[in-house]
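For reference, my_file.cif (mmCIF, C-alpha atoms):
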data_final
#
loop_
_atom_site.group_PDB
_atom_site.id
_atom_site.type_symbol
_atom_site.label_atom_id
_atom_site.label_comp_id
_atom_site.auth_asym_id
_atom_site.auth_seq_id
_atom_site.Cartn_x
_atom_site.Cartn_y
_atom_site.Cartn_z
ATOM 1 C CA MET A 10 164.181 113.906 133.516
ATOM 2 C CA GLY A 11 166.003 116.337 135.800
ATOM 3 C CA GLU A 12 165.769 113.882 138.718
ATOM 4 C CA ARG A 13 168.132 110.965 138.687
ATOM 5 C CA THR A 14 167.050 107.501 139.863
ATOM 6 C CA ASP A 15 169.533 105.370 141.750
ATOM 7 C CA VAL A 16 169.024 101.958 140.149
ATOM 8 C CA THR A 17 171.260 100.152 142.594
ATOM 9 C CA ARG A 18 168.846 100.689 145.517
ATOM 10 C CA GLY A 19 165.682 99.916 143.457
ATOM 11 C CA SER A 20 164.031 103.265 144.122
ATOM 12 C CA LEU A 21 161.286 104.699 141.908
ATOM 13 C CA PRO A 22 160.839 108.251 140.710
ATOM 14 C CA ARG A 23 158.997 110.322 143.299
ATOM 15 C CA GLU A 24 155.625 110.619 141.451
ATOM 16 C CA ARG A 25 155.167 106.830 141.355
ATOM 17 C CA SER A 26 156.323 106.017 144.851
ATOM 18 C CA ALA A 27 153.210 107.447 146.544
ATOM 19 C CA GLY A 28 150.950 104.515 145.640
ATOM 20 C CA ARG A 29 149.070 102.714 142.903
ATOM 21 C CA PHE A 30 147.009 105.744 141.717
ATOM 22 C CA SER A 31 149.621 108.421 142.150
ATOM 23 C CA GLY A 32 149.417 111.416 139.916
ATOM 24 C CA PRO A 33 148.802 115.111 140.037
ATOM 25 C CA ASP A 34 146.407 116.192 142.798
ATOM 26 C CA GLY A 35 143.739 117.325 140.278
ATOM 27 C CA LEU A 36 143.642 113.933 138.582
ATOM 28 C CA ARG A 37 143.522 112.157 141.960
ATOM 29 C CA ASP A 38 140.509 114.285 142.955
ATOM 30 C CA VAL A 39 138.691 113.449 139.714
ATOM 31 C CA VAL A 40 139.324 109.723 140.158
ATOM 32 C CA GLU A 41 138.118 109.859 143.785
ATOM 33 C CA ARG A 42 134.916 111.686 142.762
ATOM 34 C CA ILE A 43 134.222 109.168 139.996
ATOM 35 C CA LEU A 44 134.748 106.246 142.376
ATOM 36 C CA ALA A 45 132.452 107.854 144.968
ATOM 37 C CA TRP A 46 129.766 108.407 142.317
ATOM 38 C CA LEU A 47 130.024 104.775 141.194
ATOM 39 C CA ARG A 48 129.729 103.536 144.803
ATOM 40 C CA GLU A 49 126.631 105.714 145.263
ATOM 41 C CA ARG A 50 125.041 104.415 142.044
ATOM 42 C CA ARG A 51 125.703 100.821 143.037
ATOM 43 C CA GLY A 52 123.541 101.328 146.122
ATOM 44 C CA SER A 53 120.513 102.605 144.194
ATOM 45 C CA GLY A 54 117.823 100.049 143.586
ATOM 46 C CA LEU A 55 114.583 99.624 141.709
ATOM 47 C CA GLU A 56 112.775 102.088 143.960
ATOM 48 C CA ARG A 57 114.101 104.873 141.700
ATOM 49 C CA VAL A 58 112.475 103.321 138.612
ATOM 50 C CA SER A 59 109.028 104.591 137.637
ATOM 51 C CA THR A 60 106.429 102.712 135.638
ATOM 52 C CA ALA A 61 104.106 103.964 132.927
ATOM 53 C CA THR A 62 101.224 102.453 131.009
ATOM 54 C CA THR A 63 101.823 102.279 127.257
ATOM 55 C CA MET A 64 99.922 101.054 124.182
ATOM 56 C CA ARG A 65 101.663 97.713 124.613
ATOM 57 C CA ASN A 66 99.953 97.301 127.985
ATOM 58 C CA VAL A 67 96.415 97.986 126.750
ATOM 59 C CA VAL A 68 96.188 96.741 123.123
ATOM 60 C CA ASP A 69 96.280 93.094 122.092
ATOM 61 C CA THR A 70 97.670 93.310 118.557
ATOM 62 C CA ASP A 71 96.931 89.656 117.796
ATOM 63 C CA ALA A 72 93.226 90.099 118.549
ATOM 64 C CA LEU A 73 93.154 93.355 116.606
ATOM 65 C CA ALA A 74 94.911 91.769 113.610
ATOM 66 C CA GLU A 75 92.102 89.207 113.369
ATOM 67 C CA GLU A 76 89.702 92.086 112.631
ATOM 68 C CA THR A 77 91.784 93.653 109.854
ATOM 69 C CA PRO A 78 91.914 92.622 106.174
ATOM 70 C CA ALA A 79 94.610 90.187 105.050
ATOM 71 C CA LYS A 80 96.855 92.851 103.462
ATOM 72 C CA TRP A 81 97.174 94.660 106.794
ATOM 73 C CA SER A 82 99.239 93.850 109.848
ATOM 74 C CA VAL A 83 99.006 95.372 113.311
ATOM 75 C CA ARG A 84 102.044 95.890 115.504
ATOM 76 C CA HIS A 85 103.559 98.056 118.179
ATOM 77 C CA ASP A 86 106.429 100.425 117.524
ATOM 78 C CA VAL A 87 108.417 102.971 119.487
ATOM 79 C CA VAL A 88 108.709 106.440 117.961
ATOM 80 C CA THR A 89 109.939 109.830 119.082
ATOM 81 C CA TYR A 90 107.345 111.823 120.972
ATOM 82 C CA GLY A 91 107.842 115.532 120.661
ATOM 83 C CA ALA A 92 111.429 116.670 120.654
ATOM 84 C CA ASP A 93 113.144 114.070 122.769
ATOM 85 C CA SER A 94 111.184 111.297 124.482
ATOM 86 C CA LEU A 95 109.948 108.001 123.078
ATOM 87 C CA THR A 96 106.459 106.555 123.119
ATOM 88 C CA ASP A 97 104.845 103.275 122.245
ATOM 89 C CA VAL A 98 102.410 103.493 119.333
ATOM 90 C CA LEU A 99 100.116 101.191 117.423
ATOM 91 C CA VAL A 100 100.812 100.749 113.712
ATOM 92 C CA PHE A 101 98.366 99.516 111.080
ATOM 93 C CA ARG A 102 100.694 98.543 108.252
ATOM 94 C CA HIS A 103 99.431 98.121 104.698
ATOM 95 C CA ASP A 104 102.133 95.765 103.479
ATOM 96 C CA PRO A 105 101.665 96.020 99.663
ATOM 97 C CA SER A 106 101.896 99.836 99.572
ATOM 98 C CA ARG A 107 104.472 100.214 102.393
ATOM 99 C CA GLN A 108 102.156 102.736 104.059
ATOM 100 C CA ASP A 109 101.321 102.884 107.761
ATOM 101 C CA LEU A 110 98.541 104.409 109.796
ATOM 102 C CA VAL A 111 100.068 105.247 113.177
ATOM 103 C CA VAL A 112 97.844 105.580 116.238
ATOM 104 C CA MET A 113 99.634 107.725 118.822
ATOM 105 C CA PRO A 114 98.467 108.899 122.260
ATOM 106 C CA GLU A 115 98.295 112.668 122.729
ATOM 107 C CA ARG A 116 99.885 112.286 126.153
ATOM 108 C CA ASN A 117 102.807 109.925 126.277
ATOM 109 C CA THR A 118 101.717 107.870 129.287
ATOM 110 C CA GLU A 119 97.948 107.955 128.685
ATOM 111 C CA PRO A 120 97.393 105.520 125.818
ATOM 112 C CA GLU A 121 93.656 105.289 126.415
ATOM 113 C CA GLY A 122 93.128 109.064 126.242
ATOM 114 C CA GLU A 123 93.054 111.392 123.232
ATOM 115 C CA ILE A 124 94.627 109.970 120.082
ATOM 116 C CA SER A 125 96.360 111.472 117.056
ATOM 117 C CA PHE A 126 96.764 109.732 113.728
ATOM 118 C CA TYR A 127 99.836 109.842 111.513
ATOM 119 C CA HIS A 128 100.430 108.621 107.998
ATOM 120 C CA ALA A 129 103.876 107.074 107.588
ATOM 121 C CA ASP A 130 105.278 106.382 104.143
ATOM 122 C CA ARG A 131 108.022 103.787 104.585
ATOM 123 C CA THR A 132 109.197 104.280 101.001
ATOM 124 C CA LYS A 133 109.912 107.976 101.569
ATOM 125 C CA GLY A 134 110.752 107.704 105.262
ATOM 126 C CA ALA A 135 108.232 110.397 106.190
ATOM 127 C CA ARG A 136 105.563 110.671 108.886
ATOM 128 C CA HIS A 137 102.799 113.301 108.762
ATOM 129 C CA LEU A 138 100.148 114.259 111.300
ATOM 130 C CA LEU A 139 96.652 113.725 109.887
ATOM 131 C CA SER A 140 93.783 116.120 110.458
ATOM 132 C CA ILE A 141 91.730 113.486 112.271
ATOM 133 C CA GLY A 142 91.739 112.549 115.927
ATOM 134 C CA ALA A 143 89.853 110.636 118.571
ATOM 135 C CA ASP A 144 88.975 111.346 122.170
ATOM 136 C CA SER A 145 89.834 107.804 123.293
ATOM 137 C CA LEU A 146 91.720 104.737 122.181
ATOM 138 C CA THR A 147 88.461 102.806 121.850
ATOM 139 C CA ALA A 148 87.049 105.461 119.499
ATOM 140 C CA ALA A 149 90.305 105.519 117.526
ATOM 141 C CA LEU A 150 90.362 101.761 117.002
ATOM 142 C CA SER A 151 86.679 101.712 116.000
ATOM 143 C CA TYR A 152 87.352 104.514 113.541
ATOM 144 C CA VAL A 153 90.264 102.669 111.921
ATOM 145 C CA LEU A 154 88.512 99.317 111.703
ATOM 146 C CA GLU A 155 85.345 100.850 110.198
ATOM 147 C CA ARG A 156 87.318 102.755 107.539
ATOM 148 C CA ILE A 157 90.324 100.549 106.852
ATOM 149 C CA GLU A 158 89.286 99.870 103.229
ATOM 150 C CA ARG A 159 89.131 103.629 102.625
ATOM 151 C CA PHE A 160 92.651 104.000 103.995
ATOM 152 C CA GLU A 161 93.764 101.208 101.679
ATOM 153 C CA ARG A 162 92.293 103.024 98.663
ATOM 154 C CA LEU A 163 94.054 106.213 99.748
ATOM 155 C CA PHE A 164 97.397 104.444 100.303
ATOM 156 C CA THR A 165 97.268 102.687 96.912
ATOM 157 C CA GLY A 166 96.427 105.880 95.024
ATOM 158 C CA ARG A 167 92.785 105.016 94.329
ATOM 159 C CA GLY A 168 91.436 107.572 96.825
ATOM 160 C CA THR A 169 92.114 111.255 97.224
ATOM 161 C CA GLU A 170 90.697 112.165 100.638
ATOM 162 C CA LEU A 171 91.120 110.921 104.140
ATOM 163 C CA PRO A 172 88.210 108.905 105.496
ATOM 164 C CA SER A 173 86.003 111.373 107.301
ATOM 165 C CA GLY A 174 83.154 111.051 109.700
ATOM 166 C CA TYR A 175 84.898 111.545 113.022
ATOM 167 C CA THR A 176 85.196 114.850 114.786
ATOM 168 C CA GLY A 177 88.125 114.961 117.164
ATOM 169 C CA PRO A 178 88.057 116.461 120.634
ATOM 170 C CA SER A 179 89.961 119.567 119.627
ATOM 171 C CA ASP A 180 90.564 121.756 116.600
ATOM 172 C CA ARG A 181 92.837 119.709 114.380
#

Structure encoded using structure tokens:
Amino acid sequence: MGERTDVTRGSLPRERSAGRFSGPDGLRDVVERILAWLRERRGSGLERVSTATTMRNVVDTDALAEETPAKWSVRHDVVTYGADSLTDVLVFRHDPSRQDLVVMPERNTEPEGEISFYHADRTKGARHLLSIGADSLTAALSYVLERIERFERLFTGRGTELPSGYTGPSDR
């Protein structure tokens, strides 16, 4: 406010007369760096994108659903893997009891490798690692399909123990 503008000659205060993005030098530098970063990003293409095989790529849920009892559905889901990343899993959902058996790869991008099983209770919003495992996706799916009635009894409160009979590849 200490500087007076002469309105009769149409002049502007000094800080606005330098151009469209005039401002303090620090702000100008920040804006220039942001614009440079955006120009650089615009030039990046799909070559920076990596691909990974997931459960969705290797499991046909429609074919698998034909082999499960009527009260069960089979679907894919995306869940957190470890502390921060996401992974695609296979979910056997027992609709009447709102219980799920989740089939999750041990290594995020190796869906056909070692498998862990989780029990998810949708009523309580909880997921727990089960003490069973499989050394391959094929073994895991065979295990589930052979014992799905036992899981149903467990999920509906008519059973007390997990279906056994499979020894996983590691101490679980």

Inset, instruction - May I have the residues within 10 Å of A:Val88 as a PyMOL selection string, using all atoms listed in the file and disregarding those fewer than 2 positions away in the same chain? - result: chain A and resi 85-86+90-91+94-98+111+113

Keeping only C-alpha atoms, take the residues you just selected and write them out as a tab-separated table (two decimals), keeping the file's coordinate frame.
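Output saved as again.tsv:
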chain	number	residue	atom	x	y	z
A	85	HIS	CA	103.56	98.06	118.18
A	86	ASP	CA	106.43	100.42	117.52
A	90	TYR	CA	107.34	111.82	120.97
A	91	GLY	CA	107.84	115.53	120.66
A	94	SER	CA	111.18	111.30	124.48
A	95	LEU	CA	109.95	108.00	123.08
A	96	THR	CA	106.46	106.56	123.12
A	97	ASP	CA	104.84	103.28	122.24
A	98	VAL	CA	102.41	103.49	119.33
A	111	VAL	CA	100.07	105.25	113.18
A	113	MET	CA	99.63	107.72	118.82

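Pairwise distance (atom CA of A:Ala135, atom CA of A:Leu163) equals 16.1 Å.
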
Just say which residues the PyMOL selection byres ((chain A and resi 66) around 12) picks in this file, as a PDB file with C-alpha atoms, in the coordinates of the input.
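Saved the output as part.pdb:
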ATOM      1  CA  THR A  60     106.429 102.712 135.638  1.00  0.00           C
ATOM      2  CA  ALA A  61     104.106 103.964 132.927  1.00  0.00           C
ATOM      3  CA  THR A  62     101.224 102.453 131.009  1.00  0.00           C
ATOM      4  CA  THR A  63     101.823 102.279 127.257  1.00  0.00           C
ATOM      5  CA  MET A  64      99.922 101.054 124.182  1.00  0.00           C
ATOM      6  CA  ARG A  65     101.663  97.713 124.613  1.00  0.00           C
ATOM      7  CA  VAL A  67      96.415  97.986 126.750  1.00  0.00           C
ATOM      8  CA  VAL A  68      96.188  96.741 123.123  1.00  0.00           C
ATOM      9  CA  ASP A  69      96.280  93.094 122.092  1.00  0.00           C
ATOM     10  CA  THR A  70      97.670  93.310 118.557  1.00  0.00           C
ATOM     11  CA  HIS A  85     103.559  98.056 118.179  1.00  0.00           C
ATOM     12  CA  ASP A  97     104.845 103.275 122.245  1.00  0.00           C
ATOM     13  CA  VAL A  98     102.410 103.493 119.333  1.00  0.00           C
ATOM     14  CA  LEU A  99     100.116 101.191 117.423  1.00  0.00           C
ATOM     15  CA  THR A 118     101.717 107.870 129.287  1.00  0.00           C
ATOM     16  CA  GLU A 119      97.948 107.955 128.685  1.00  0.00           C
ATOM     17  CA  PRO A 120      97.393 105.520 125.818  1.00  0.00           C
ATOM     18  CA  GLU A 121      93.656 105.289 126.415  1.00  0.00           C
TER      19      GLU A 121
END

Quick one: 6 Å padding each side, axis-aligned, all listed atoms of stretch 129-142 of chain A - centre and edge lengths in Å to one decimal, as AutoDock Vina command-line options?
--center_x 101.2 --center_y 110.0 --center_z 108.5 --size_x 31.0 --size_y 24.3 --size_z 26.9

Inset, instruction - Show which residues sit within 9 Å of stretch 150-155 of chain A, as a PyMOL selection string. Count all atoms listed in the file, and ignore same-chain residues fewer than 5 positions away. - result: chain A and resi 73+76-77+101+110+112+143+145+160+174-175

Legend entry - Residue among A:Ser125, A:Ser59, A:Ser106, A:Thr165 lying closest to A:Leu146, counting all atoms listed in the file: A:Ser125

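Atom CA of A:Glu115 lies 26.6 Å from atom CA of A:Arg162.
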
Legend entry - Nearest-residue call for A:Ala149, choices A:Gly166, A:Pro105, A:Gly122, A:Gly134, using only C-alpha atoms: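 Closest to A:Ala149 of all the choices is A:Gly122.
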
Inset, instruction - Quick one: apply the PyMOL selection byres ((chain A and resi 137) around 6) to the file and drop the selected residues here as a PyMOL selection string. - result: chain A and resi 127-128+136+138

Legend entry - Distance in Å - atom CA of A:Pro78 versus atom CA of A:Ile124: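 So the answer is 22.4 Å.
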